[in-house]
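**Student:** For reference, this is final-v1.cif, and it has mmCIF, C-alpha atoms.
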```cif
data_structure
#
loop_
_atom_site.label_atom_id
_atom_site.label_comp_id
_atom_site.auth_asym_id
_atom_site.auth_seq_id
_atom_site.Cartn_x
_atom_site.Cartn_y
_atom_site.Cartn_z
CA MET A 16 -12.36 45.06 142.82
CA ALA A 17 -15.64 46.26 141.45
CA HIS A 18 -16.12 47.57 137.98
CA GLY A 19 -19.15 48.83 136.22
CA GLN A 20 -22.65 50.04 136.22
CA MET A 21 -25.87 48.91 134.90
CA ILE A 22 -28.11 51.08 133.07
CA ALA A 23 -31.82 51.13 133.76
CA GLU A 24 -34.11 52.52 131.10
CA GLY A 25 -37.83 52.75 130.62
CA PRO A 26 -39.35 54.49 127.61
CA THR A 27 -36.96 55.83 125.02
CA ASP A 28 -37.02 59.34 126.48
CA GLY A 29 -35.36 58.07 129.63
CA THR A 30 -38.27 58.76 131.97
CA VAL A 31 -40.53 56.22 133.56
CA GLU A 32 -44.28 56.04 133.60
CA ALA A 33 -46.24 56.04 136.83
CA PRO A 34 -48.39 53.05 137.75
CA THR A 35 -52.00 52.88 136.73
CA ALA A 36 -54.77 52.71 139.25
CA ARG A 37 -55.60 49.35 140.76
CA ASN A 38 -58.98 47.76 140.19
CA ASP A 39 -61.25 46.48 142.95
CA ARG A 40 -59.46 43.13 143.03
CA GLY A 41 -56.18 44.81 143.97
CA THR A 42 -54.50 44.06 140.64
CA ARG A 43 -53.47 46.34 137.82
CA PRO A 44 -55.82 46.75 134.85
CA ASP A 45 -54.60 46.64 131.28
CA ARG A 46 -52.12 49.52 131.24
CA ASP A 47 -52.44 50.01 127.49
CA THR A 48 -56.14 50.91 127.81
CA ASN A 49 -56.03 52.91 131.03
CA PRO A 50 -56.74 56.60 130.35
CA GLU A 51 -54.36 57.72 133.10
CA ARG A 52 -51.38 55.95 131.55
CA GLY A 53 -48.45 58.30 131.01
CA GLN A 54 -49.86 61.25 133.00
CA SER A 55 -47.06 60.99 135.57
CA ARG A 56 -43.37 60.18 135.14
CA LEU A 57 -40.51 59.21 137.42
CA PRO A 58 -37.78 61.70 136.47
CA SER A 59 -36.03 61.36 139.83
CA LEU A 60 -34.90 57.87 138.86
CA THR A 61 -33.37 59.32 135.72
CA GLY A 62 -31.68 62.05 137.75
CA LEU A 63 -30.29 59.52 140.24
CA ARG A 64 -28.40 57.67 137.56
CA PHE A 65 -25.60 60.18 137.15
CA PRO A 66 -24.55 60.32 140.84
CA ALA A 67 -24.43 56.53 140.77
CA ALA A 68 -22.30 56.60 137.62
CA LEU A 69 -20.02 59.17 139.26
CA LEU A 70 -19.42 56.75 142.14
CA VAL A 71 -18.06 54.24 139.65
CA PHE A 72 -15.87 56.95 138.09
CA LEU A 73 -14.41 57.80 141.51
CA TYR A 74 -13.80 54.14 142.29
CA HIS A 75 -11.79 53.61 139.12
CA ALA A 76 -9.92 56.88 139.65
CA ALA A 77 -8.92 55.63 143.11
CA LEU A 78 -7.57 52.24 142.01
CA PRO A 79 -3.91 52.03 143.12
CA ILE A 80 -2.60 50.63 139.84
CA PRO A 81 -0.07 52.27 137.48
CA ALA A 82 -2.51 52.39 134.55
CA LEU A 83 -4.82 54.74 136.50
CA ARG A 84 -2.74 56.25 139.29
CA PHE A 85 -2.27 60.03 139.30
CA LEU A 86 -1.32 60.63 142.94
CA GLY A 87 2.37 60.67 143.80
CA GLU A 88 2.34 60.04 147.56
CA ASP A 89 1.61 56.46 148.60
CA ALA A 90 -0.27 57.67 151.67
CA ASP A 91 -2.57 59.79 149.46
CA VAL A 92 -3.16 56.82 147.16
CA MET A 93 -4.21 54.58 150.03
CA ASP A 94 -6.40 57.26 151.63
CA PHE A 95 -8.20 57.80 148.33
CA TYR A 96 -8.70 54.09 147.80
CA LYS A 97 -9.83 53.59 151.39
CA THR A 98 -12.52 56.23 150.82
CA ALA A 99 -13.66 55.17 147.35
CA GLY A 100 -12.80 51.48 147.37
CA GLN A 101 -16.39 50.27 147.72
CA MET A 102 -18.05 52.91 145.52
CA GLY A 103 -17.88 50.60 142.53
CA GLY A 104 -19.73 47.90 144.43
CA LEU A 105 -22.37 50.39 145.53
CA GLY A 106 -22.78 51.69 141.98
CA VAL A 107 -23.23 48.20 140.58
CA THR A 108 -25.77 47.24 143.22
CA PHE A 109 -27.69 50.46 142.66
CA PHE A 110 -27.87 50.04 138.90
CA PHE A 111 -28.81 46.37 138.92
CA VAL A 112 -31.68 47.03 141.34
CA LEU A 113 -32.67 50.18 139.43
CA SER A 114 -32.69 48.27 136.16
CA GLY A 115 -35.15 45.70 137.48
CA PHE A 116 -37.31 48.40 139.05
CA VAL A 117 -37.53 50.61 135.96
CA LEU A 118 -38.12 47.82 133.46
CA SER A 119 -40.94 46.40 135.58
CA TRP A 120 -42.47 49.82 136.18
CA SER A 121 -42.54 50.70 132.49
CA ALA A 122 -43.45 47.22 131.17
CA ARG A 123 -46.08 47.31 128.47
CA GLN A 124 -49.06 45.06 129.05
CA LYS A 125 -49.26 43.75 125.48
CA ASP A 126 -45.53 43.84 124.74
CA THR A 127 -43.85 40.82 123.20
CA ALA A 128 -40.51 39.39 124.30
CA ARG A 129 -39.11 40.00 120.84
CA ALA A 130 -40.11 43.67 120.88
CA PHE A 131 -38.61 44.12 124.35
CA TRP A 132 -35.35 42.46 123.37
CA ARG A 133 -35.10 44.57 120.19
CA ARG A 134 -35.47 47.80 122.21
CA ARG A 135 -32.82 46.67 124.70
CA PHE A 136 -30.40 45.69 121.94
CA VAL A 137 -30.76 48.97 120.06
CA LYS A 138 -30.44 50.95 123.26
CA ILE A 139 -27.37 49.17 124.63
CA TYR A 140 -25.24 47.44 122.03
CA PRO A 141 -24.27 50.24 119.59
CA ASN A 142 -22.87 52.33 122.47
CA TYR A 143 -21.16 49.24 123.82
CA VAL A 144 -19.42 48.60 120.50
CA VAL A 145 -18.22 52.21 120.25
CA ALA A 146 -16.66 51.97 123.72
CA TRP A 147 -15.12 48.58 122.86
CA VAL A 148 -13.50 50.02 119.72
CA LEU A 149 -12.13 53.01 121.62
CA GLY A 150 -10.72 50.77 124.35
CA MET A 151 -9.05 48.46 121.84
CA VAL A 152 -7.61 51.26 119.71
CA LEU A 153 -6.38 53.49 122.53
CA PHE A 154 -4.82 50.97 124.93
CA ALA A 155 -6.29 47.46 125.28
CA SER A 156 -5.05 45.88 122.02
CA ALA A 157 -1.46 45.99 123.33
CA TYR A 158 -2.14 43.39 126.02
CA THR A 159 -5.50 41.73 125.28
CA PRO A 160 -5.53 38.27 123.61
CA VAL A 161 -7.71 38.00 120.52
CA GLY A 162 -10.05 35.48 122.12
CA THR A 163 -10.55 37.69 125.15
CA SER A 164 -11.25 40.77 123.02
CA ILE A 165 -13.85 38.85 120.99
CA ALA A 166 -15.49 37.52 124.17
CA ASN A 167 -15.71 41.09 125.41
CA LEU A 168 -17.23 42.28 122.13
CA LEU A 169 -19.85 39.52 122.34
CA MET A 170 -20.59 40.38 126.01
CA VAL A 171 -19.79 36.86 127.24
CA GLN A 172 -16.64 37.73 129.23
CA VAL A 173 -18.57 37.44 132.50
CA TRP A 174 -18.91 33.68 132.08
CA SER A 175 -15.17 33.19 132.53
CA PRO A 176 -13.83 32.96 136.12
CA GLU A 177 -10.55 34.56 134.99
CA PHE A 178 -10.08 38.02 136.51
CA ASN A 179 -8.29 39.36 133.42
CA THR A 180 -11.06 38.09 131.16
CA TYR A 181 -14.19 39.51 132.78
CA PHE A 182 -12.38 42.80 133.40
CA SER A 183 -10.91 43.01 129.89
CA VAL A 184 -10.75 45.74 127.19
CA ASN A 185 -13.07 48.33 128.81
CA PRO A 186 -13.36 46.80 132.31
CA PRO A 187 -16.69 48.36 133.40
CA SER A 188 -18.39 46.65 130.43
CA TRP A 189 -18.64 43.39 132.39
CA SER A 190 -21.91 44.56 133.92
CA LEU A 191 -23.48 44.85 130.47
CA GLY A 192 -22.69 41.17 129.98
CA ALA A 193 -24.66 40.49 133.15
CA GLU A 194 -27.46 42.82 132.07
CA ALA A 195 -27.78 40.95 128.78
CA VAL A 196 -28.71 37.86 130.80
CA PHE A 197 -31.17 39.88 132.89
CA TYR A 198 -32.83 41.21 129.74
CA ALA A 199 -33.12 37.72 128.29
CA ALA A 200 -34.94 36.57 131.43
CA PHE A 201 -37.05 39.69 132.03
CA PRO A 202 -40.20 38.79 130.05
CA MET A 203 -40.49 35.44 131.82
CA LEU A 204 -39.68 36.88 135.25
CA ASN A 205 -42.12 39.75 134.87
CA ASN A 206 -44.97 37.46 133.84
CA PHE A 207 -44.23 35.31 136.89
CA PHE A 208 -43.96 38.22 139.33
CA LYS A 209 -47.26 39.69 138.12
CA LYS A 210 -48.98 36.54 139.40
CA ILE A 211 -47.67 36.89 142.96
CA ARG A 212 -50.44 37.82 145.37
CA ASP A 213 -50.15 41.36 146.69
CA SER A 214 -49.99 40.14 150.28
CA HIS A 215 -47.09 37.79 149.43
CA LEU A 216 -44.81 40.35 147.82
CA LYS A 217 -43.16 41.24 151.13
CA TYR A 218 -42.02 37.64 151.58
CA TRP A 219 -40.49 37.53 148.11
CA ILE A 220 -38.70 40.82 148.71
CA ALA A 221 -37.38 39.64 152.06
CA GLY A 222 -36.24 36.40 150.48
CA ALA A 223 -34.34 38.21 147.72
CA ILE A 224 -32.62 40.47 150.26
CA ALA A 225 -31.69 37.43 152.34
CA LEU A 226 -30.16 35.77 149.27
CA VAL A 227 -28.05 38.85 148.52
CA ILE A 228 -26.77 38.99 152.10
CA ALA A 229 -26.14 35.23 152.21
CA THR A 230 -24.10 35.18 148.98
CA PRO A 231 -20.77 36.40 150.43
CA ALA A 232 -21.18 34.16 153.47
CA LEU A 233 -21.64 31.12 151.25
CA ALA A 234 -18.73 32.13 149.03
CA TYR A 235 -16.37 32.51 151.97
CA ALA A 236 -17.54 29.22 153.48
CA LEU A 237 -17.66 27.00 150.40
CA LEU A 238 -15.15 28.31 147.83
CA SER A 239 -11.37 28.24 147.78
CA ASP A 240 -9.66 31.27 149.34
CA ALA A 241 -6.73 31.21 146.89
CA PRO A 242 -5.47 32.73 144.70
CA GLY A 243 -6.42 36.19 145.87
CA ILE A 244 -7.72 38.93 143.61
CA PRO A 245 -5.27 41.65 142.58
CA GLY A 246 -5.07 44.46 145.10
CA GLY A 247 -4.83 42.42 148.27
CA GLU A 248 -8.54 42.49 149.17
CA ALA A 249 -9.86 39.66 151.35
CA SER A 250 -11.28 37.51 148.57
CA SER A 251 -10.09 34.85 146.18
CA VAL A 252 -10.63 35.14 142.44
CA ILE A 253 -13.31 32.42 142.48
CA GLN A 254 -15.09 33.88 145.53
CA TYR A 255 -15.16 37.28 143.89
CA TRP A 256 -16.37 35.99 140.53
CA VAL A 257 -19.22 33.97 142.04
CA THR A 258 -20.29 36.67 144.49
CA TYR A 259 -19.89 39.79 142.39
CA VAL A 260 -19.75 38.99 138.67
CA LEU A 261 -21.60 35.76 137.82
CA PRO A 262 -24.88 36.74 136.07
CA PRO A 263 -27.24 34.19 137.71
CA VAL A 264 -26.07 35.37 141.13
CA ARG A 265 -26.38 39.07 140.31
CA MET A 266 -29.82 38.46 138.84
CA VAL A 267 -31.07 38.40 142.43
CA ASP A 268 -30.37 42.15 142.63
CA PHE A 269 -32.24 42.68 139.37
CA ALA A 270 -35.19 40.53 140.49
CA LEU A 271 -35.30 42.42 143.79
CA GLY A 272 -35.75 45.67 141.89
CA MET A 273 -38.57 44.10 139.91
CA LEU A 274 -40.34 42.88 143.05
CA VAL A 275 -40.06 46.28 144.72
CA ALA A 276 -41.54 47.95 141.62
CA HIS A 277 -44.52 45.62 141.81
CA ALA A 278 -44.92 46.37 145.52
CA VAL A 279 -44.87 50.15 144.96
CA GLN A 280 -47.27 49.91 142.03
CA ARG A 281 -49.75 47.82 144.01
CA GLY A 282 -49.62 50.04 147.09
CA ARG A 283 -47.82 47.40 149.17
CA TRP A 284 -44.72 49.44 150.01
CA LYS A 285 -44.02 51.42 153.20
CA ASN A 286 -42.11 54.51 152.11
CA ILE A 287 -39.64 56.11 154.55
CA GLY A 288 -38.75 59.02 152.25
CA MET A 289 -35.64 60.02 150.35
CA VAL A 290 -33.90 61.77 153.25
CA TRP A 291 -33.98 58.78 155.58
CA SER A 292 -33.16 56.43 152.72
CA GLY A 293 -30.16 58.57 151.79
CA LEU A 294 -28.91 58.67 155.39
CA LEU A 295 -29.20 54.90 155.63
CA LEU A 296 -27.27 54.58 152.38
CA VAL A 297 -24.45 56.70 153.79
CA ALA A 298 -24.45 54.55 156.93
CA GLY A 299 -24.40 51.38 154.83
CA TYR A 300 -21.41 52.67 152.91
CA VAL A 301 -19.52 53.57 156.09
CA LEU A 302 -20.20 50.02 157.29
CA THR A 303 -18.35 48.61 154.26
CA ALA A 304 -15.07 49.58 155.95
CA TYR A 305 -15.82 47.35 158.93
CA VAL A 306 -17.01 44.11 157.32
CA PRO A 307 -15.23 41.51 155.16
CA TYR A 308 -14.67 42.75 151.62
CA LEU A 309 -17.37 40.76 149.82
CA TYR A 310 -20.02 41.82 152.32
CA GLY A 311 -19.19 45.42 151.48
CA GLN A 312 -19.49 44.63 147.78
CA ARG A 313 -22.89 42.99 147.98
CA ALA A 314 -24.66 43.22 151.32
CA THR A 315 -24.28 46.34 153.45
CA CYS A 316 -25.98 48.77 151.04
CA ILE A 317 -28.66 46.56 149.51
CA ILE A 318 -31.53 47.60 151.81
CA PRO A 319 -30.78 51.36 151.65
CA VAL A 320 -30.51 51.14 147.84
CA VAL A 321 -33.95 49.53 147.63
CA LEU A 322 -35.43 52.11 150.00
CA LEU A 323 -33.94 55.04 148.06
CA ILE A 324 -35.15 53.85 144.67
CA ALA A 325 -38.66 53.23 145.98
CA ALA A 326 -38.67 56.58 147.79
CA ALA A 327 -37.62 58.47 144.64
CA ALA A 328 -40.37 56.79 142.64
CA THR A 329 -42.93 57.58 145.33
CA ALA A 330 -41.80 61.21 145.50
CA ASP A 331 -42.46 61.61 141.79
CA VAL A 332 -45.84 59.88 141.88
CA GLU A 333 -46.93 62.06 144.81
CA ASN A 334 -45.28 65.17 143.30
CA ARG A 335 -43.04 65.74 146.31
CA PHE A 336 -39.83 67.75 146.16
CA SER A 337 -36.82 65.94 144.71
CA ILE A 338 -33.36 67.37 144.05
CA PHE A 339 -32.90 64.85 141.25
CA ARG A 340 -35.77 66.16 139.13
CA ASN A 341 -34.27 69.41 137.83
CA ARG A 342 -33.25 69.93 134.21
CA THR A 343 -29.52 69.52 134.82
CA MET A 344 -29.90 66.22 136.67
CA LEU A 345 -32.27 64.89 134.01
CA TRP A 346 -29.78 65.74 131.26
CA LEU A 347 -26.93 64.14 133.15
CA GLY A 348 -29.11 61.11 133.77
CA GLU A 349 -29.83 60.79 130.07
CA ILE A 350 -26.13 60.65 129.20
CA SER A 351 -25.16 58.50 132.21
CA PHE A 352 -25.06 55.25 130.22
CA ALA A 353 -22.58 56.77 127.80
CA PHE A 354 -20.68 58.26 130.75
CA TYR A 355 -20.39 54.83 132.32
CA LEU A 356 -19.11 53.29 129.10
CA LEU A 357 -16.54 56.00 128.38
CA HIS A 358 -15.17 57.07 131.76
CA PHE A 359 -12.62 54.27 132.09
CA VAL A 360 -11.41 54.91 128.54
CA VAL A 361 -10.86 58.59 129.38
CA LEU A 362 -9.07 57.81 132.64
CA ALA A 363 -6.81 55.12 131.17
CA TYR A 364 -5.95 57.00 127.99
CA GLY A 365 -5.43 60.24 129.91
CA ARG A 366 -2.97 58.47 132.18
CA LYS A 367 -1.23 57.03 129.11
CA LEU A 368 -0.90 60.47 127.50
CA LEU A 369 0.58 61.98 130.66
CA GLY A 370 3.28 59.35 130.89
CA THR A 371 4.63 58.22 134.24
CA GLU A 372 4.59 61.55 136.08
CA THR A 373 2.54 61.64 139.28
CA TYR A 374 0.99 64.64 141.02
CA SER A 375 -0.04 66.27 144.27
CA ALA A 376 -3.51 65.81 145.73
CA LEU A 377 -4.61 69.25 144.44
CA THR A 378 -3.33 68.67 140.91
CA THR A 379 -4.84 65.19 140.87
CA SER A 380 -8.21 66.63 141.91
CA LEU A 381 -8.05 69.10 139.02
CA LEU A 382 -7.03 66.38 136.56
CA LEU A 383 -9.88 64.14 137.67
CA ALA A 384 -12.35 67.02 137.41
CA ALA A 385 -11.08 67.62 133.87
CA ALA A 386 -11.41 63.91 133.07
CA ALA A 387 -14.98 63.91 134.34
CA GLY A 388 -15.77 66.99 132.27
CA ILE A 389 -14.24 65.47 129.13
CA THR A 390 -16.21 62.31 129.73
CA VAL A 391 -19.43 64.31 130.06
CA VAL A 392 -18.81 66.03 126.72
CA LEU A 393 -17.95 62.76 124.98
CA SER A 394 -20.96 61.10 126.60
CA TRP A 395 -23.25 63.78 125.27
CA ALA A 396 -21.79 63.25 121.79
CA LEU A 397 -22.28 59.47 122.04
CA TYR A 398 -25.81 59.88 123.34
CA ALA A 399 -26.81 62.50 120.76
CA GLY A 400 -24.98 60.92 117.83
CA VAL A 401 -25.55 57.22 118.40
CA GLU A 402 -27.84 56.22 121.27
CA ARG A 403 -30.78 58.57 120.76
CA PRO A 404 -31.07 58.47 116.94
CA LEU A 405 -30.67 54.70 116.72
CA THR A 406 -33.17 54.13 119.52
CA ARG A 407 -35.72 56.37 117.84
CA LYS A 408 -35.20 54.79 114.44
CA PHE A 409 -34.90 51.10 115.25
CA ALA A 410 -36.60 50.50 118.60
CA LYS A 411 -39.75 49.55 116.69
CA SER A 412 -39.95 46.80 114.10
CA LYS A 413 -40.11 47.78 110.43
CA ARG A 414 -43.80 46.90 110.28
CA ALA A 415 -44.56 48.95 113.39
CA ARG A 416 -42.64 51.92 111.98
CA GLN A 417 -44.56 51.69 108.70
CA THR A 418 -47.87 51.57 110.57
CA SER A 419 -46.87 54.55 112.68
CA ASP A 420 -45.85 56.50 109.57
CA ARG A 421 -49.20 55.78 107.89
CA VAL A 422 -51.10 56.93 110.98
CA SER A 423 -49.03 60.14 111.29
CA THR A 424 -49.55 61.02 107.60
CA GLY A 425 -53.20 60.08 107.60
CA ALA A 426 -52.62 57.45 104.90
#
```
The structure in this file should be written as structure tokens.
**Tutor:**
Amino acid sequence: MAHGQMIAEGPTDGTVEAPTARNDRGTRPDRDTNPERGQSRLPSLTGLRFPAALLVFLYHAALPIPALRFLGEDADVMDFYKTAGQMGGLGVTFFFVLSGFVLSWSARQKDTARAFWRRRFVKIYPNYVVAWVLGMVLFASAYTPVGTSIANLLMVQVWSPEFNTYFSVNPPSWSLGAEAVFYAAFPMLNNFFKKIRDSHLKYWIAGAIALVIATPALAYALLSDAPGIPGGEASSVIQYWVTYVLPPVRMVDFALGMLVAHAVQRGRWKNIGMVWSGLLLVAGYVLTAYVPYLYGQRATCIIPVVLLIAAAATADVENRFSIFRNRTMLWLGEISFAFYLLHFVVLAYGRKLLGTETYSALTTSLLLAAAAGITVVLSWALYAGVERPLTRKFAKSKRARQTSDRVSTGA
């Protein structure tokens, strides 16, 4: 069962800078000295983040387990899960690819690894700790061993093959443990990918896609098929962990996003547009119902996800219409990281407050709409009260902040 989301961020305002012009050698000039830098943004990628986060919300709401179940009729429970059962996998794939794309797109030419890592830490970890505390206080402390709770706090739970460890405390937080590994590797990966010849990028992208598709096949062929994961899906615990959770394996999704960003920036990408990309994504999701479980988690949507992200970026660069660029979608995109971190807490604690009573499909729909609304409000509070002020204050080093202050005051 899939849990989580990854959050992709560029500059601290949540938007992403457009690529600079290429020089006559077909490579990018120094982006810090290019006069066109920052003239165009990619707001559609910010706006896309909330629908992806909502997919993860719906997946968790559909899980047929007592801690989250609201529906009374077993048939309704299974219909809901049958519809939403692969939305978590789609959300994770989308965010991992998006993360690689956005970080590569907005990479600063003269940035240092230390500066990059500081910005990532300030952006991610304070929110993560708040969600961890809420999860522990409201429900998880009753059944979570101390060692497991500490592993979760330190974001290392993903390195354990135990199902109840990597999905512990606030279960969606596992993907942040994977993202921490991606962030650690990003400076090295980006420096390497920048050296790939423009004409060779398509081979690297094809190779990354092939690796993603091959992963479930290798897991089914080489790893033990017992014991099975909770829920009766066609996967063992070890197959699921290796295919879906293990950071080095999921880094392929992240690297794919990076490679596609380089291809779009260098004019080596054939865009099919957001409409066709979206239709292919719907088709890929429908296909998840007809393939073995792990293929649905990793493989069937990977190409449409890549196409949609690249199409949204291209639409912004070329100033084409995008439904994800309006003010409401941008605001929801800004708070989507907090929404991801808090939605499971709201669902689980809401179910706890309501006791054991179950409900009709209509009442459940209203309860879930209320839970989503409450999560949005809490997410805005977390974003406005923690994420944004800490990012603005501490994303730069003390020396850089002092220099900036002297420049702004004319000292």
**Student:** If we count all atoms listed in the file, what is near Ala304 (chain A) at a cut-off of 10 Å, once residues fewer than 4 positions away on the same chain are taken out, given as a PDB file with C-alpha atoms, in the coordinates of the input?
**Tutor:**
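Written output follows (around_28.pdb):
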```pdb
ATOM      1  CA  LYS A  97      -9.830  53.590 151.390  1.00  0.00           C
ATOM      2  CA  THR A  98     -12.520  56.230 150.820  1.00  0.00           C
ATOM      3  CA  GLY A 100     -12.800  51.480 147.370  1.00  0.00           C
ATOM      4  CA  GLN A 101     -16.390  50.270 147.720  1.00  0.00           C
ATOM      5  CA  GLY A 299     -24.400  51.380 154.830  1.00  0.00           C
ATOM      6  CA  TYR A 300     -21.410  52.670 152.910  1.00  0.00           C
ATOM      7  CA  TYR A 308     -14.670  42.750 151.620  1.00  0.00           C
ATOM      8  CA  TYR A 310     -20.020  41.820 152.320  1.00  0.00           C
ATOM      9  CA  GLY A 311     -19.190  45.420 151.480  1.00  0.00           C
TER      10      GLY A 311
END
```
**Student:** Tell me, as a list of chain:residue names, which residues lie within 10 Å of Gly272 (chain A), counting all atoms listed in the file; anything in the same chain fewer than 4 positions away does not count.
**Tutor:**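 My reading of the contact set: A:Phe109, A:Phe110, A:Phe111, A:Val112, A:Leu113, A:Ser114, A:Gly115, A:Phe116, A:Val117, A:Leu118, A:Ser119, A:Trp120, A:Ile220, A:Ala223, A:Met266, A:Val267, A:Asp268, A:Ala276, A:His277, A:Ala278, A:Val320, A:Val321, A:Ile324, A:Ala325.
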**Student:** For Ala193 (chain A), which residue out of A:Thr159, A:Asn206, A:Ser394, A:Asn167 is the nearest one, using all atoms listed in the file?
**Tutor:**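 Of A:Thr159, A:Asn206, A:Ser394, A:Asn167, the one nearest Ala193 (chain A), counting all atoms listed in the file, is A:Asn167.
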**Student:** Check the smallest atom-to-atom distance from each of A:Lys125, A:Arg212, A:Arg84, A:Lys408 to Tyr374 (chain A) using only C-alpha atoms, then report the winner.
**Tutor:**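 Of A:Lys125, A:Arg212, A:Arg84, A:Lys408, the one nearest Tyr374 (chain A), counting only C-alpha atoms, is A:Arg84.
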**Student:** Compare A:Ala326, A:Phe178, A:Ile165, A:Leu57 by their minimum atom-to-atom distance to Val148 (chain A), counting all atoms listed in the file, and give me the closest one.
**Tutor:** A:Ile165
**Student:** With distances taken over all atoms listed in the file, which residue among A:Ala199, A:Met151, A:Val297, A:Gly247 lies nearest Ile318 (chain A)?
**Tutor:**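 Counting all atoms listed in the file, the residue closest to Ile318 (chain A) is A:Val297.
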**Student:** Mind telling me what the PyMOL selection byres ((chain A and resi 154) around 9) catches here, as a ChimeraX atom specification?
**Tutor:** /A:149-153,155-158,184,360,363-364,367
**Student:** List the residues selected by the PyMOL selection byres ((chain A and resi 398-406) around 7) in the file shown, writing them as a VMD selection string.
**Tutor:** chain A and resid 27 137 to 138 142 350 353 394 to 397 407 to 410
**Student:** Do you know which residues are at most 9 Å from region 384-390 of chain A counting only C-alpha atoms, after dropping those on the same chain fewer than 6 positions away, and could you put them as an NGL selection string?
**Tutor:** :A and (69 or 72 or 353-355 or 357-358 or 360-362 or 365)
**Student:** Selection from above, C-alpha atoms, as a PDB file, in the frame of the given file, can you write it?
**Tutor:**
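Dumped to again.pdb:
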```pdb
ATOM      1  CA  LEU A  69     -20.020  59.170 139.260  1.00  0.00           C
ATOM      2  CA  PHE A  72     -15.870  56.950 138.090  1.00  0.00           C
ATOM      3  CA  ALA A 353     -22.580  56.770 127.800  1.00  0.00           C
ATOM      4  CA  PHE A 354     -20.680  58.260 130.750  1.00  0.00           C
ATOM      5  CA  TYR A 355     -20.390  54.830 132.320  1.00  0.00           C
ATOM      6  CA  LEU A 357     -16.540  56.000 128.380  1.00  0.00           C
ATOM      7  CA  HIS A 358     -15.170  57.070 131.760  1.00  0.00           C
ATOM      8  CA  VAL A 360     -11.410  54.910 128.540  1.00  0.00           C
ATOM      9  CA  VAL A 361     -10.860  58.590 129.380  1.00  0.00           C
ATOM     10  CA  LEU A 362      -9.070  57.810 132.640  1.00  0.00           C
ATOM     11  CA  GLY A 365      -5.430  60.240 129.910  1.00  0.00           C
TER      12      GLY A 365
END
```
**Student:** Would you mind telling me which residue in A:Ile317, A:Leu295, A:Leu369, A:Ala236 lies nearest to Ala82 (chain A) when using only C-alpha atoms?
**Tutor:**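 Nearest candidate to Ala82 (chain A) out of A:Ile317, A:Leu295, A:Leu369, A:Ala236: A:Leu369.
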**Student:** Record the distance separating CA of Ser380 (chain A) and CA of Ala90 (chain A), expressed in Å with one decimal.
**Tutor:**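 Distance reported for this atom pair: 15.4 Å.
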**Student:** Of the candidates A:Val275, A:Ala270, A:Leu78, A:Ala122, which one gets nearest to Leu216 (chain A) if we count all atoms listed in the file?
**Tutor:**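 Of A:Val275, A:Ala270, A:Leu78, A:Ala122, the one nearest Leu216 (chain A) is A:Val275, counting all atoms listed in the file.
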**Student:** Name the residues that the PyMOL selection byres ((chain A and resi 258-262) around 7) pulls out of this structure, and write them as a PyMOL selection string.
**Tutor:** chain A and resi 173-174+193+196+230-231+234+254-257+263-266
**Student:** Which residues are close to Pro79 (chain A), i.e. within 10 Å by only C-alpha atoms, leaving aside same-chain residues fewer than 2 positions away? Reply as a ChimeraX atom specification.
**Tutor:** /A:75-77,81-86,89,92-93,95-96,100,246
**Student:** What is the distance between CA of Ser188 (chain A) and CA of Gly106 (chain A), in Å to one decimal?
**Tutor:**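 One can read the CA of Ser188 (chain A) to CA of Gly106 (chain A) distance as 13.3 Å.
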**Student:** For the atom pair CA of His215 (chain A) and CA of Val279 (chain A), what is the interatomic distance in Å to one decimal place?
**Tutor:**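 The value is 13.3 Å.
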**Student:** How big is the axis-aligned box around all listed atoms of region 154-158 of chain A once 6 Å goes on each side, and where's its centre, in Å to one decimal, as JSON?
**Tutor:**
```
{"center_x": -3.9, "center_y": 47.2, "center_z": 124.0, "size_x": 16.8, "size_y": 19.6, "size_z": 16.0}
```
